[in-house]
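Participant: Supplied in structure tokens, the structure appears directly below.
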Amino acid sequence: MNQKWLDKRLLQKAEKDKVPLVFNKFQSQEPQCKFGTAGVCCSICFQGPCRIIPNKTEKGICGANVDQIVARNLLRTAAAGAANHTNHAKEMLQALIEIANSKANDYEIKDIQKLKNFAKLLGKKSNGSTKNIAKAVANEIVKDFRRQRGFFENSEGTYLKWLKIRATEERIKKWDELNILPFNPDAEISQVLHQTSMGNDADPMNLLLTTLKIGLIDGYSGLILSTDLQDIIFGTPTITKAESNLGVLDKDYVNIIVHGHLPLLSQKVVEWADKMNKKAQDLGAKGINVVGMCCTGIELLMRQGANIAGHVLQQEMAIVTGAVDTIVVDQQCIYPSLQEVCKCYHTKLITTIDFVRIPDAIHIKFDIKKANNSAQKIIEVALDAYPRRKKRNIYIPKEKSPLYAGFSVESISEALSKLDNKKPLKPLVDNIINGNIFGIVAIVGCRNVKLKGFPFHEKLTKILISNNILVVGTGCWAHAAAQAGLMTPEATFQYAGSKLKTVLEAIGKANNIPALPPALHMGSCVDNGRIAILLGSIADYLKIPISSLPVAGSAPEYVHEKAVSIGLFFLSLGVATHINPIPPVTGSKYFTKVLTKELEGITGGNVLIGETPKEAAEVIISHIKKKRKLLKLK
Ligand code: BF8
Ligand code: SF4
């Protein structure tokens, strides 16, 4: 295995401690099923499972052909991803409602101005008490989850309000023409289960259009809504500096890892760790060190400047250090193997959400109305575990890299306003037009064990920035890029093409740093919504559709169903999106052609394929060149 980003000594330690890791388990699955890989296996009904073998069995038992099977599978995957994100948004919506009703008094509303802006956009009063404004905004959001087709259309509108206030007019018109404007996230996700079950929709194009609609649900009722609500409650991120990689664990401290996706609890753990430091000192530790894993970690980084321990493939490795006293998880991307790994050490695993349980883990139900209480209980578990550490069996890799983060649309705009106070987007857009910034590419998503440690994220990012392309991104890509030192001003001088370097230096200097990093950390996976808003603002500024911009997306190591729904959101926006490993659609020639070619004529975005960083960079750069040519730019 080529595992440059992995610490060899830590891998050896895992072997010595007899801890099976994700890498070992992957090996035991090889070779992986080729029917599953091509997307041609169907187990939707119990006459099956059926699989398609070219020139042998061209149809499933019910007569479903390969195009129908592939289309149904993809739609179900996307709906599952969107369900993750819309549920996340609903957790935040519930928090806003409880805060507004004075029932979650451990929280407050930090970004009152943002709340007021949304009230205005929704046509509600933006003066009066903050809690009343919050109630009015929350009520409007609730309507998106209540609307039923054919019932309250006149009083409630016919499609998602949050889409109406957050999407560009041009896109809304396009989606209306395609008849894919969603009316209710929950109802439509539920309808997907109906639509794709045995004996329902058999039209691959109709299934694809529904898949694009699910992309919009993911975007507006999942990603953007989650981020907007999190910004209202916890504050909108500003540019901040921190450290990344497993080296942020500290053997002299009680170490707590917060892992998952929701900032509601983890934010409180950080707050109470500060207040309970003295208790740790009484045990002989220097204090309590709370570090983040995956997207929960990123939420803390973006708003509180917390250090981040790593991405999805590092969750088990962190425990193998022997220095983690407690790992507390909320939802999504949490390996069920964690308890198995924790058992080999003194580490306590705490689950906090009733529908995310792991046998033998400690369950401390997170109750938003008693958030402080839950956080204190979690810290007590860590304090209790700390004295049971096997001090002689601790190894923490030294590696840690500094990074800049906190690049919300607002903080990017603030940084640019130092160059043009009246029109902050102008310096960015002017440099895109004159070619100093050849294009913008959003690299997002997970770290996939299938790549066997190959650093696709890092290599692709480096090639693009050396070609004067500004890279923005989120999620596990951001962990990888930070660990590779790509999120610092130094990276601009070391890796950026000369034209991009000049621009980033100018923006940096205006903001008292040597240069803006060439890879901008825009947040967690729900913060992919920030990227959509940024692209929408640039398109509106130029008065052209998003699909005409010299931009692209890439998910070079995607893992989760969520990455598929995010990819579909980008495709619906009209953004060409590179995906690797190759998605399970290749069994259908028709569907592969639709996604990679014909979709461009439908939304303006299509799927780009590149199985190596070089190939991926080539297809992305040639796509950007094509867009520049159409805009008559050099
Ligand atoms: O939402 S990038 S592995 S951690 S799914 Fe998961 Fe993928 Fe990481 Fe956050 Ni996103
Ligand atoms: Fe087979 Fe059709 Fe049932 Fe799928 S739905 S398992 S193709 S019979």
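How things are named: the first chain in the structure tokens is A, the next is B, and so on; residues count from 1 in each chain; ligands count from 1 in the order shown.
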Using only C-alpha atoms and all ligand atoms, find each protein or nucleic acid residue lying at most 10 Å from ligand 1; present the set as a PyMOL selection string.
Facilitator: chain A and resi 81+84-85+259-262+293-298+310-313+331-334+444-448+474-479+523-528+555+557-564+566
Participant: 10 Å from ligand 2 is the threshold here; counting only C-alpha atoms and all ligand atoms, which polymer residues fall inside it? Answer as number ranges by chain.
Facilitator: A: 40-52, 59-66, 68-69, 72-73, 196-200
Participant: Skipping near chain neighbours, those fewer than 2 positions away, what residues fall within 9 Å of Phe570 in chain A using only C-alpha atoms, listed as a list of chain:residue names?
Facilitator: A:Gly215, A:Leu216, A:Gly219, A:Ala532, A:Ala552, A:Gly553, A:Ser565, A:Ile566, A:Gly567, A:Leu568, A:Ser572, A:Leu573, A:Gly574, A:Val575, A:Ala576, A:Thr577, A:Gly605
Participant: State, in Å with one decimal place, the distance from CA of Lys131 in chain A to CA of Leu265 in chain A.
Facilitator: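 That distance, rounded to one decimal, is 21.3 Å.
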Participant: Taking the backbone alone, and naming residues the way the document does, which bits of range 124-323 of chain A are strand (DSSP E or B) by DSSP, as a list in words?
Facilitator: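 Across range 124-323 of chain A, those assigned strand (DSSP E or B) are Thr240, Lys241, Ala242, Glu243, Ser244, Val254, Asn255, Ile256, Ile257, Val258, His259, Gly260, Ile288, Asn289, Val290, Val291, Gly292, Met293, Ile308, Ala309 and Gly310 of chain A.
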Participant: Go ahead and write the residues just picked, all heavy atoms, as a compact mmCIF listing (two decimals), in the first residue's frame.
Facilitator:
# COMPACT_ATOMS: atom_id res chain seq x y z
N THR A 240 -9.70 31.91 10.28
CA THR A 240 -9.09 31.48 11.53
C THR A 240 -7.90 30.57 11.23
O THR A 240 -7.76 30.07 10.11
CB THR A 240 -10.16 30.74 12.39
OG1 THR A 240 -9.56 30.34 13.61
CG2 THR A 240 -10.67 29.48 11.70
N LYS A 241 -7.07 30.33 12.23
CA LYS A 241 -5.88 29.51 12.04
C LYS A 241 -5.87 28.39 13.05
O LYS A 241 -6.28 28.59 14.20
CB LYS A 241 -4.65 30.40 12.24
CG LYS A 241 -3.48 30.01 11.38
CD LYS A 241 -2.29 30.89 11.66
CE LYS A 241 -1.04 30.14 11.23
NZ LYS A 241 0.18 30.81 11.60
N ALA A 242 -5.46 27.19 12.65
CA ALA A 242 -5.40 26.07 13.60
C ALA A 242 -4.39 25.05 13.10
O ALA A 242 -3.59 25.34 12.20
CB ALA A 242 -6.80 25.44 13.73
N GLU A 243 -4.43 23.86 13.69
CA GLU A 243 -3.52 22.79 13.27
C GLU A 243 -4.30 21.53 12.93
O GLU A 243 -5.38 21.30 13.48
CB GLU A 243 -2.52 22.50 14.38
CG GLU A 243 -1.54 23.65 14.55
CD GLU A 243 -0.46 23.35 15.56
OE1 GLU A 243 -0.81 22.92 16.68
OE2 GLU A 243 0.72 23.54 15.23
N SER A 244 -3.70 20.71 12.05
CA SER A 244 -4.40 19.51 11.62
C SER A 244 -3.49 18.28 11.69
O SER A 244 -2.27 18.42 11.65
CB SER A 244 -4.86 19.69 10.16
OG SER A 244 -3.74 19.79 9.32
N VAL A 254 -5.93 15.36 28.86
CA VAL A 254 -7.06 14.45 28.66
C VAL A 254 -7.57 14.74 27.25
O VAL A 254 -7.93 15.87 26.93
CB VAL A 254 -8.19 14.74 29.69
CG1 VAL A 254 -9.44 13.92 29.39
CG2 VAL A 254 -7.70 14.50 31.11
N ASN A 255 -7.51 13.72 26.39
CA ASN A 255 -7.89 13.94 24.98
C ASN A 255 -9.31 13.47 24.71
O ASN A 255 -9.66 12.32 24.99
CB ASN A 255 -6.94 13.19 24.05
CG ASN A 255 -5.55 13.81 24.03
OD1 ASN A 255 -5.40 15.01 23.79
ND2 ASN A 255 -4.53 13.00 24.31
N ILE A 256 -10.11 14.37 24.15
CA ILE A 256 -11.48 14.01 23.74
C ILE A 256 -11.60 14.29 22.24
O ILE A 256 -11.26 15.39 21.78
CB ILE A 256 -12.54 14.85 24.49
CG1 ILE A 256 -12.40 14.64 26.02
CG2 ILE A 256 -13.95 14.51 24.02
CD1 ILE A 256 -13.38 15.45 26.85
N ILE A 257 -12.06 13.27 21.51
CA ILE A 257 -12.32 13.49 20.08
C ILE A 257 -13.82 13.62 19.88
O ILE A 257 -14.59 12.79 20.37
CB ILE A 257 -11.78 12.32 19.23
CG1 ILE A 257 -10.25 12.33 19.24
CG2 ILE A 257 -12.30 12.41 17.79
CD1 ILE A 257 -9.60 11.33 18.31
N VAL A 258 -14.23 14.65 19.18
CA VAL A 258 -15.64 14.77 18.79
C VAL A 258 -15.74 14.45 17.31
O VAL A 258 -14.98 14.97 16.49
CB VAL A 258 -16.22 16.17 19.09
CG1 VAL A 258 -16.49 16.34 20.57
CG2 VAL A 258 -15.30 17.27 18.62
N HIS A 259 -16.66 13.55 16.97
CA HIS A 259 -16.67 12.96 15.63
C HIS A 259 -18.12 12.88 15.12
O HIS A 259 -19.02 12.55 15.88
CB HIS A 259 -16.04 11.56 15.73
CG HIS A 259 -16.10 10.73 14.49
ND1 HIS A 259 -16.20 11.25 13.23
CD2 HIS A 259 -16.04 9.38 14.33
CE1 HIS A 259 -16.21 10.26 12.35
NE2 HIS A 259 -16.13 9.11 12.99
N GLY A 260 -18.29 13.14 13.85
CA GLY A 260 -19.62 13.09 13.25
C GLY A 260 -19.89 14.34 12.45
O GLY A 260 -19.01 14.82 11.74
N ILE A 288 -7.71 19.75 29.40
CA ILE A 288 -8.52 18.93 28.49
C ILE A 288 -8.32 19.45 27.06
O ILE A 288 -8.42 20.65 26.81
CB ILE A 288 -10.03 19.00 28.87
CG1 ILE A 288 -10.21 18.53 30.33
CG2 ILE A 288 -10.86 18.14 27.92
CD1 ILE A 288 -11.63 18.73 30.86
N ASN A 289 -8.03 18.51 26.18
CA ASN A 289 -7.77 18.84 24.78
C ASN A 289 -8.89 18.24 23.93
O ASN A 289 -8.97 17.03 23.76
CB ASN A 289 -6.40 18.23 24.41
CG ASN A 289 -6.00 18.48 22.97
OD1 ASN A 289 -6.31 19.54 22.41
ND2 ASN A 289 -5.30 17.53 22.37
N VAL A 290 -9.77 19.11 23.42
CA VAL A 290 -10.86 18.61 22.55
C VAL A 290 -10.45 18.83 21.10
O VAL A 290 -10.16 19.97 20.70
CB VAL A 290 -12.19 19.33 22.83
CG1 VAL A 290 -13.31 18.77 21.94
CG2 VAL A 290 -12.58 19.21 24.29
N VAL A 291 -10.38 17.76 20.33
CA VAL A 291 -10.04 17.90 18.92
C VAL A 291 -11.12 17.24 18.07
O VAL A 291 -11.86 16.37 18.54
CB VAL A 291 -8.66 17.30 18.58
CG1 VAL A 291 -7.56 18.03 19.31
CG2 VAL A 291 -8.60 15.81 18.87
N GLY A 292 -11.20 17.65 16.81
CA GLY A 292 -12.31 17.21 15.96
C GLY A 292 -11.90 16.18 14.94
O GLY A 292 -10.76 16.13 14.49
N MET A 293 -12.89 15.36 14.58
CA MET A 293 -12.71 14.35 13.54
C MET A 293 -13.81 14.57 12.51
O MET A 293 -14.95 14.91 12.88
CB MET A 293 -12.81 12.97 14.21
CG MET A 293 -12.65 11.76 13.34
SD MET A 293 -10.99 11.47 12.74
CE MET A 293 -9.99 11.21 14.17
N ILE A 308 -7.96 20.01 14.32
CA ILE A 308 -8.65 18.86 13.73
C ILE A 308 -7.71 17.67 13.61
O ILE A 308 -6.60 17.78 13.10
CB ILE A 308 -9.28 19.21 12.36
CG1 ILE A 308 -8.32 20.07 11.51
CG2 ILE A 308 -10.61 19.92 12.54
CD1 ILE A 308 -8.78 20.27 10.08
N ALA A 309 -8.20 16.51 14.08
CA ALA A 309 -7.35 15.31 14.15
C ALA A 309 -7.29 14.57 12.82
O ALA A 309 -6.28 13.95 12.50
CB ALA A 309 -7.85 14.38 15.24
N GLY A 310 -8.38 14.59 12.04
CA GLY A 310 -8.27 13.88 10.78
C GLY A 310 -9.58 13.57 10.10
O GLY A 310 -10.66 13.92 10.56
Participant: Determine the nearest neighbour of Thr227 in chain A from the options A:Lys161, A:Arg530, A:His521, A:Lys143, counting only C-alpha atoms.
Facilitator: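 Looking at the shortest contact to Thr227 in chain A, the residue is A:Arg530.
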Participant: Tell me, in Å to one decimal, how far CA of Asp330 in chain A is from CA of Val269 in chain A.
Facilitator: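 Calculated distance between CA of Asp330 in chain A and CA of Val269 in chain A is 12.2 Å.
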Participant: Would you please give, as number ranges by chain, all residues of range 344-581 of chain A that DSSP assigns to alpha helix (DSSP H) based on the backbone?
Facilitator: A: 371-385, 409-417, 425-433, 456-466, 475-483, 489-495, 498-510, 528-542, 561-573
Participant: Rounded to one decimal in Å, what is the spacing between CA of Ala415 in chain A and CA of Asn511 in chain A?
Facilitator: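 Calculated distance between CA of Ala415 in chain A and CA of Asn511 in chain A is 6.4 Å.
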Participant: Applying 12 Å and only C-alpha atoms, which residues near range 461-467 of chain A remain after dropping the ones on its own chain fewer than 5 positions away? List them as number ranges by chain.
Facilitator: A: 435-444, 455-456, 472-473, 477-478, 480-482, 484-487, 491-501, 504, 517-520, 551-556, 612-622, 624-625
Participant: I need the residue nearest Gln12 in chain A from this list: A:Leu96, A:Tyr395, A:Gly235, A:Thr130. Use only C-alpha atoms for the distance.
Facilitator: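 Looking at the shortest contact to Gln12 in chain A, the residue is A:Tyr395.
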Participant: For each of A:Leu460, A:Val585, A:Ile609, A:Val429, take the minimum atom-to-atom distance to Ile538 in chain A, counting only C-alpha atoms, then give the residue where this is smallest.
Facilitator: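 Closest candidate: A:Val429.
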